[in-house]
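> Just passing along the structure, written as structure tokens.
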Amino acid sequence: MRIVAYNNPMQRTLSILSALASPARLGAMRILSDGQEHCVCELMDSLGVTQSRMSRHMAVLKEAGLAIDRRDAQWVRYRLNPDLSRQSAALIEAAVNFQEQETDHA
């Protein structure tokens, strides 16, 4: 598990926002925000994304320090990074809630 070190909070904020800028990645974070582990196959099915594309999206989320993974035989299971700062978690929650509200109003 690796969280990228940034010299200033603005860089960290931009890194998180950039990672969440894809509908698939934001959707994955919505799913992971339930606090449970989810296999890549579940994320693929829920988001309608191919395995290779989902793996690339999850690599971005991992690189940004937002998600962690665990190998379980042939499966890869993801969850929200439990070491997120309170501010980072609040930023993710705000983005997920905004997306859900926009979906409800559409």
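Ligands are numbered from 1 in the order shown, chains are lettered A, B, ... in the order of the structure tokens, and residues start at 1 in each chain.
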For A:Ala59, list every protein, DNA or RNA residue within 12 Å, evaluated using only C-alpha atoms, and leave out those in the same chain fewer than 2 positions away; present the list as a list in words.
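The neighbour list is Arg2, Ala19, Arg25, Ala28, Val40, Ser52, Arg53, Met54, Ser55, Arg56, His57, Leu61, Lys62, Glu63, Ala64, Gly65, Leu66, Ala67, Ile68, Asp69, Val76 and Tyr78 of chain A.
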> Hey, what's within 9 Å of A:Ser88 if we count only C-alpha atoms and toss same-chain stuff fewer than 3 positions away? As a PyMOL selection string, please?
chain A and resi 12-13+16+66+84-85+91-93
> Hey, can you spit out that residue selection with N, CA and C atoms as a tab-separated table (two decimals), in the first residue's frame?

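The resulting part29.tsv:
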```tsv
chain	number	residue	atom	x	y	z
A	12	ARG	N	-1.97	17.24	-3.72
A	12	ARG	CA	-2.73	16.06	-3.29
A	12	ARG	C	-4.17	16.16	-3.75
A	13	THR	N	-4.78	17.32	-3.58
A	13	THR	CA	-6.17	17.54	-4.01
A	13	THR	C	-6.31	17.32	-5.51
A	16	ILE	N	-6.16	13.60	-6.40
A	16	ILE	CA	-7.42	12.91	-6.10
A	16	ILE	C	-8.47	13.26	-7.14
A	66	LEU	N	-5.85	5.95	-3.35
A	66	LEU	CA	-7.25	5.91	-2.94
A	66	LEU	C	-7.76	4.50	-2.68
A	84	LEU	N	-6.36	6.63	4.32
A	84	LEU	CA	-6.64	7.96	3.76
A	84	LEU	C	-6.74	9.00	4.87
A	85	SER	N	-6.27	10.18	4.59
A	85	SER	CA	-6.45	11.26	5.55
A	85	SER	C	-7.94	11.62	5.62
A	91	LEU	N	-13.08	14.46	0.57
A	91	LEU	CA	-13.11	14.85	-0.84
A	91	LEU	C	-13.73	13.75	-1.69
A	92	ILE	N	-13.37	12.50	-1.42
A	92	ILE	CA	-13.95	11.37	-2.14
A	92	ILE	C	-15.45	11.28	-1.86
A	93	GLU	N	-15.81	11.41	-0.60
A	93	GLU	CA	-17.23	11.34	-0.23
A	93	GLU	C	-18.03	12.43	-0.93
```
> May I ask for the distance between atom CA of A:Gly48 and atom CA of A:Asp83, given in Å to one decimal place?
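Answer for the atom CA of A:Gly48 to atom CA of A:Asp83 separation: 28.5 Å.
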> Rank nothing, just name the residue among A:Met58, A:Ala89, A:Ala94, A:Met10 nearest to A:Ser22, using only C-alpha atoms.
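Of A:Met58, A:Ala89, A:Ala94, A:Met10, the one nearest A:Ser22 is A:Met58, counting only C-alpha atoms.
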> Hey, what does DSSP flag as strand (DSSP E or B) within chain A? Can you give it to me as a ChimeraX atom specification?
/A:38-39,67-72,75-80
> Could you save those same residues with N, CA and C atoms as a compact mmCIF listing (two decimals), in the first residue's frame?

```
# COMPACT_ATOMS: atom_id res chain seq x y z
N HIS A 38 -14.19 -5.70 -2.79
CA HIS A 38 -14.93 -6.06 -3.99
C HIS A 38 -13.97 -6.63 -5.02
N CYS A 39 -14.34 -7.78 -5.60
CA CYS A 39 -13.47 -8.36 -6.62
C CYS A 39 -13.62 -7.55 -7.91
N ALA A 67 -7.17 3.52 -3.33
CA ALA A 67 -7.62 2.13 -3.20
C ALA A 67 -6.41 1.23 -2.97
N ILE A 68 -6.66 0.10 -2.35
CA ILE A 68 -5.63 -0.92 -2.19
C ILE A 68 -6.20 -2.23 -2.71
N ASP A 69 -5.31 -3.17 -3.01
CA ASP A 69 -5.78 -4.46 -3.52
C ASP A 69 -5.16 -5.60 -2.74
N ARG A 70 -5.78 -6.77 -2.93
CA ARG A 70 -5.30 -7.99 -2.31
C ARG A 70 -5.58 -9.13 -3.27
N ARG A 71 -4.56 -9.95 -3.50
CA ARG A 71 -4.74 -11.13 -4.36
C ARG A 71 -5.36 -12.23 -3.55
N ASP A 72 -6.35 -12.89 -4.15
CA ASP A 72 -7.03 -14.02 -3.53
C ASP A 72 -7.14 -15.10 -4.61
N TRP A 75 -8.26 -14.14 -8.15
CA TRP A 75 -9.03 -12.90 -8.06
C TRP A 75 -8.20 -11.77 -7.45
N VAL A 76 -8.54 -10.56 -7.83
CA VAL A 76 -7.98 -9.38 -7.18
C VAL A 76 -9.14 -8.66 -6.52
N ARG A 77 -8.98 -8.39 -5.24
CA ARG A 77 -10.03 -7.72 -4.48
C ARG A 77 -9.54 -6.33 -4.08
N TYR A 78 -10.43 -5.36 -4.23
CA TYR A 78 -10.10 -3.97 -3.95
C TYR A 78 -10.93 -3.45 -2.80
N ARG A 79 -10.36 -2.47 -2.11
CA ARG A 79 -11.11 -1.76 -1.09
C ARG A 79 -10.55 -0.35 -0.96
N LEU A 80 -11.32 0.48 -0.31
CA LEU A 80 -10.89 1.85 -0.06
C LEU A 80 -9.64 1.80 0.83
```
> So that I can see what lies close to A:Ala95, please list as a list in words the residues with an atom at most 9 Å from it, counting only C-alpha atoms and leaving out residues fewer than 5 positions away in the same chain.
Leu17, Leu20, Leu26, Arg30, Ala90 and Glu100 of chain A
> What does the distance between atom CA of A:Ile31 and atom CA of A:Leu43 come to in Å, to one decimal place?
7.7 Å
> If I take atom CA of A:Thr50 and atom CA of A:Glu37, how far is one from the other in Å, to one decimal?
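Atom CA of A:Thr50 sits 19.2 Å away from atom CA of A:Glu37.
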> Got a sec to tell me which of chain A DSSP assigns to helix (DSSP H, G or I), as a ChimeraX atom specification?
/A:9-19,23-32,40-47,51-63,86-105
